[in-house]
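Student: Here it is: the structure, laid out below.
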Amino acid sequence: VEPAQAAGATLVRRRVRSLAELDDAAVVVGADGAHSVVRTALGRPRGPVALAIRGYAPTPADQRGTQRIAFGAHGDVQPTYAWSFDRGDGLANVGYGELLRDGRAAPTKARLIERLEELLPGSTAAGTDWVGHHLPLSTSRWHPADGRVLLVGDAAGLVNPMTGEGIFYAVATGLAAGRAAAEAIAVGDPDSAGGRYARATRPLLARHLRHTALASRLCRSGRVLDAGLRASARDQRVFDDLVELGLARGRVTPALARALVASYLSPSSTKEKP
């Protein structure tokens, strides 16, 4: 915010309740999160949603400097997992998330913390600052609307359906939307902002989102998930491809696909470490 203000932006704090398009030169970038008022005003439906909880807890001495991820049992709704990431200051970022299903009641805060403790025993002890988040998951299609109203990040339903990660999308689409808005206003054609935004983001996201949608569907199979974990443990390149797919703009590479198939066809009884 401070660099934006230094560049000439004016910060106004208001609660947005509705959106009306007027005949002026404004361009609106809706970056108002999972429950976006801007998206609702545009009539854009929300896709699949996950629910996650995050807190901070003391890092056990034997887990300092480590990151742990534990996936749910095969009988659970996949993908579902818990995490514990040591921050380096004596506390760990801990949490748990799962996919919400139509017809099933959303889990309570207590249940989410309980599931976290089940998957990573001891991780919730003395935990504080618990915060819940709805995660609007991306699908295989990316179609930014034309016009002067742009959606970015969670408001655009851009959360990785395989991992629940959304920071990469928020930063990438936020930059693209800001540039598109500035360019459209500079040439005196604010209505061109949507088209400019689409042209900037489709090469970045269109193919990637098709791959993450496929990976998310595959992860719902416990056997496929296990095969992916085994393959990534055996080959650093496969691990790197999965990280890129789950946390950035990666794709299902040929090497990843071959390793996954080989691992799936040759199941191992060895249990990999989290």
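Residues are referred to by chain and number: the chain letter is A, B, ... according to the order shown in the structure tokens, the number counts from 1 in that chain, and ligands are numbered separately from 1 in the order shown.
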Near A:Ala198, within 10 Å and counting only C-alpha atoms, which residues show up once chain neighbours fewer than 5 positions away are dropped, as a list in words?
Tutor: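 Here the qualifying residues turn out to be Trp142, His143, Pro144, Ala145, Asp146, Leu150, Thr173, Ala176, Ala177, Ala180, Ala193, Pro203 and Leu204 of chain A.
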Student: Might you pull out every residue within 12 Å of A:Gln63, with only C-alpha atoms counted and same-chain residues fewer than 5 positions away left off, and present them as an MDAnalysis selection string?
Tutor: chainID A and resid 58 68 84:88 90:92 120 122:123
Student: Considering only alpha helix (DSSP H) as DSSP defines it on the backbone, what residues of stretch 110-177 of chain A qualify? List them as an NGL selection string.
Tutor: :A and (110-119 or 167-177)
Student: Write to file, as a CSV table (one decimal), in the first residue's frame, the residues of the selection just made, with C-alpha atoms.
Tutor:
chain,number,residue,atom,x,y,z
A,110,ALA,CA,-13.2,-27.9,16.3
A,111,ARG,CA,-13.4,-30.6,13.7
A,112,LEU,CA,-10.8,-29.0,11.5
A,113,ILE,CA,-8.3,-28.7,14.4
A,114,GLU,CA,-9.1,-32.3,15.4
A,115,ARG,CA,-8.3,-33.5,11.9
A,116,LEU,CA,-5.0,-31.6,12.0
A,117,GLU,CA,-4.1,-33.2,15.3
A,118,GLU,CA,-5.0,-36.7,13.9
A,119,LEU,CA,-2.7,-36.3,10.9
A,167,ILE,CA,-0.4,-16.5,-3.6
A,168,PHE,CA,1.2,-17.0,-7.0
A,169,TYR,CA,-2.1,-16.4,-8.8
A,170,ALA,CA,-2.9,-13.4,-6.7
A,171,VAL,CA,0.4,-11.7,-7.4
A,172,ALA,CA,0.5,-12.7,-11.1
A,173,THR,CA,-3.1,-11.6,-11.8
A,174,GLY,CA,-2.8,-8.5,-9.7
A,175,LEU,CA,0.2,-7.3,-11.7
A,176,ALA,CA,-1.5,-8.1,-15.0
A,177,ALA,CA,-4.8,-6.4,-14.0
Student: Neighbours of A:Phe71 within 8 Å (only C-alpha atoms; same-chain residues fewer than 3 positions away dropped), as a list of chain:residue names?
Tutor: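 Residues near the query, excluding close chain neighbours: A:Pro79, A:Thr80, A:Tyr81, A:Ala82, A:Leu119.
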Student: Please run DSSP on the backbone and report, as an MDAnalysis selection string, all residues within stretch 123-261 of chain A that come out as strand (DSSP E).
Tutor: chainID A and resid 128:136 149:151
Student: Got time to write the residues from that selection, C-alpha atoms, as a compact mmCIF listing (two decimals), in the first residue's frame?
Tutor:
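Writing done, so here's result15.txt:
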# COMPACT_ATOMS: atom_id res chain seq x y z
CA THR A 128 -3.20 -19.76 18.84
CA ASP A 129 -4.50 -17.31 16.23
CA TRP A 130 -6.68 -19.90 14.51
CA VAL A 131 -8.21 -18.47 11.34
CA GLY A 132 -10.51 -20.23 8.88
CA HIS A 133 -10.52 -19.57 5.14
CA HIS A 134 -12.77 -20.53 2.25
CA LEU A 135 -10.65 -21.33 -0.79
CA PRO A 136 -12.40 -20.85 -4.16
CA VAL A 149 -14.20 -4.70 -14.18
CA LEU A 150 -11.41 -7.22 -13.59
CA LEU A 151 -11.20 -10.05 -11.05
Student: Take atom CA of A:Gly103 and atom CA of A:Pro45 and report the distance between them in Å, one decimal.
Tutor: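 These two atoms are separated by 18.2 Å.
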Student: Which is closest to A:Pro161 among A:Thr40, A:Leu51, A:Tyr197, A:Ala231, if we use only C-alpha atoms?
Tutor: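 Counting only C-alpha atoms, the residue closest to A:Pro161 is A:Leu51.
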Student: Of the residues A:Val152, A:Ala186, A:Leu245, A:Ala4, which is the one nearest to A:Val28, using only C-alpha atoms?
Tutor: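 Looking only at the distances to A:Val28, the closest residue turns out to be A:Val152.
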Student: What does the distance from atom CA of A:Leu158 to atom CA of A:Ser138 come to in Å, to one decimal?
Tutor: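 Taking atom CA of A:Leu158 as the start and atom CA of A:Ser138 as the end point, the length is 4.8 Å.
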Student: Would you pick out the contacts of A:Val16 at 10 Å or less, using only C-alpha atoms, so that residues sharing its chain but fewer than 4 positions from it are not included, and give the list as a list in words?
Tutor: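 Here the qualifying residues turn out to be Asp32, Ser36, Val37 and Val38 of chain A.
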Student: Could you turn the residues from that selection into a file that holds all heavy atoms, as a PDB file, in the first residue's frame?
Tutor:
ATOM      1  N   ASP A  32     -11.168  -8.656  -3.817  1.00  0.00           N
ATOM      2  CA  ASP A  32     -11.838  -8.707  -2.515  1.00  0.00           C
ATOM      3  C   ASP A  32     -12.123 -10.113  -2.020  1.00  0.00           C
ATOM      4  O   ASP A  32     -13.081 -10.355  -1.296  1.00  0.00           O
ATOM      5  CB  ASP A  32     -13.122  -7.865  -2.532  1.00  0.00           C
ATOM      6  CG  ASP A  32     -14.024  -8.167  -3.718  1.00  0.00           C
ATOM      7  OD1 ASP A  32     -13.546  -8.699  -4.721  1.00  0.00           O
ATOM      8  OD2 ASP A  32     -15.225  -7.846  -3.628  1.00  0.00           O
ATOM      9  N   SER A  36     -16.108 -12.406  -2.749  1.00  0.00           N
ATOM     10  CA  SER A  36     -16.025 -11.174  -3.525  1.00  0.00           C
ATOM     11  C   SER A  36     -17.395 -10.561  -3.849  1.00  0.00           C
ATOM     12  O   SER A  36     -18.236 -11.194  -4.506  1.00  0.00           O
ATOM     13  CB  SER A  36     -15.274 -11.436  -4.829  1.00  0.00           C
ATOM     14  OG  SER A  36     -15.331 -10.326  -5.687  1.00  0.00           O
ATOM     15  N   VAL A  37     -17.582  -9.335  -3.402  1.00  0.00           N
ATOM     16  CA  VAL A  37     -18.779  -8.583  -3.763  1.00  0.00           C
ATOM     17  C   VAL A  37     -18.744  -8.229  -5.248  1.00  0.00           C
ATOM     18  O   VAL A  37     -19.771  -8.235  -5.930  1.00  0.00           O
ATOM     19  CB  VAL A  37     -18.885  -7.298  -2.908  1.00  0.00           C
ATOM     20  CG1 VAL A  37     -20.037  -6.415  -3.377  1.00  0.00           C
ATOM     21  CG2 VAL A  37     -19.053  -7.650  -1.438  1.00  0.00           C
ATOM     22  N   VAL A  38     -17.549  -7.936  -5.751  1.00  0.00           N
ATOM     23  CA  VAL A  38     -17.404  -7.569  -7.158  1.00  0.00           C
ATOM     24  C   VAL A  38     -17.786  -8.749  -8.051  1.00  0.00           C
ATOM     25  O   VAL A  38     -18.511  -8.592  -9.041  1.00  0.00           O
ATOM     26  CB  VAL A  38     -15.974  -7.094  -7.455  1.00  0.00           C
ATOM     27  CG1 VAL A  38     -15.816  -6.758  -8.940  1.00  0.00           C
ATOM     28  CG2 VAL A  38     -15.626  -5.883  -6.597  1.00  0.00           C
TER      29      VAL A  38
END
Student: Compile the contact shell of stretch 247-253 of chain A as an NGL selection string: residues with an atom at most 8 Å away, counting only C-alpha atoms, same-chain residues fewer than 5 positions apart removed.
Tutor: :A and (160 or 163 or 165-166 or 168-169 or 204-205 or 207-208 or 211-212 or 215 or 241-242)
Student: Set the distance at 12 Å and use only C-alpha atoms: which residues neighbour A:Leu218 once local chain neighbours fewer than 2 positions away are removed? I'd like the list as a PyMOL selection string.
Tutor: chain A and resi 78-79+161-162+211-216+220-228+252+257+260-261+264
Student: Ranking A:Arg202, A:Arg234, A:Arg14, A:Arg179 by minimum distance to A:Ser140 and counting only C-alpha atoms, which one comes first?
Tutor: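 For A:Ser140, the nearest of the candidates is A:Arg202.
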Student: Restricting the calculation to only C-alpha atoms: of A:Gln5, A:Thr139, A:Gln236, A:Ser192, which residue gets closest to A:Ala156?
Tutor: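 Comparing A:Gln5, A:Thr139, A:Gln236, A:Ser192 against A:Ala156, the winner is A:Thr139.
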Student: Report, in Å to a single decimal, how far apart atom CA of A:Ser263 and atom CA of A:Leu229 are.
Tutor: 9.1 Å
Student: I'd like to know which of A:Arg101, A:Arg199, A:Arg258, A:Arg217 is closest to A:Arg237, using only C-alpha atoms.
Tutor: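 Checking each candidate against A:Arg237, we get A:Arg258 as the closest.
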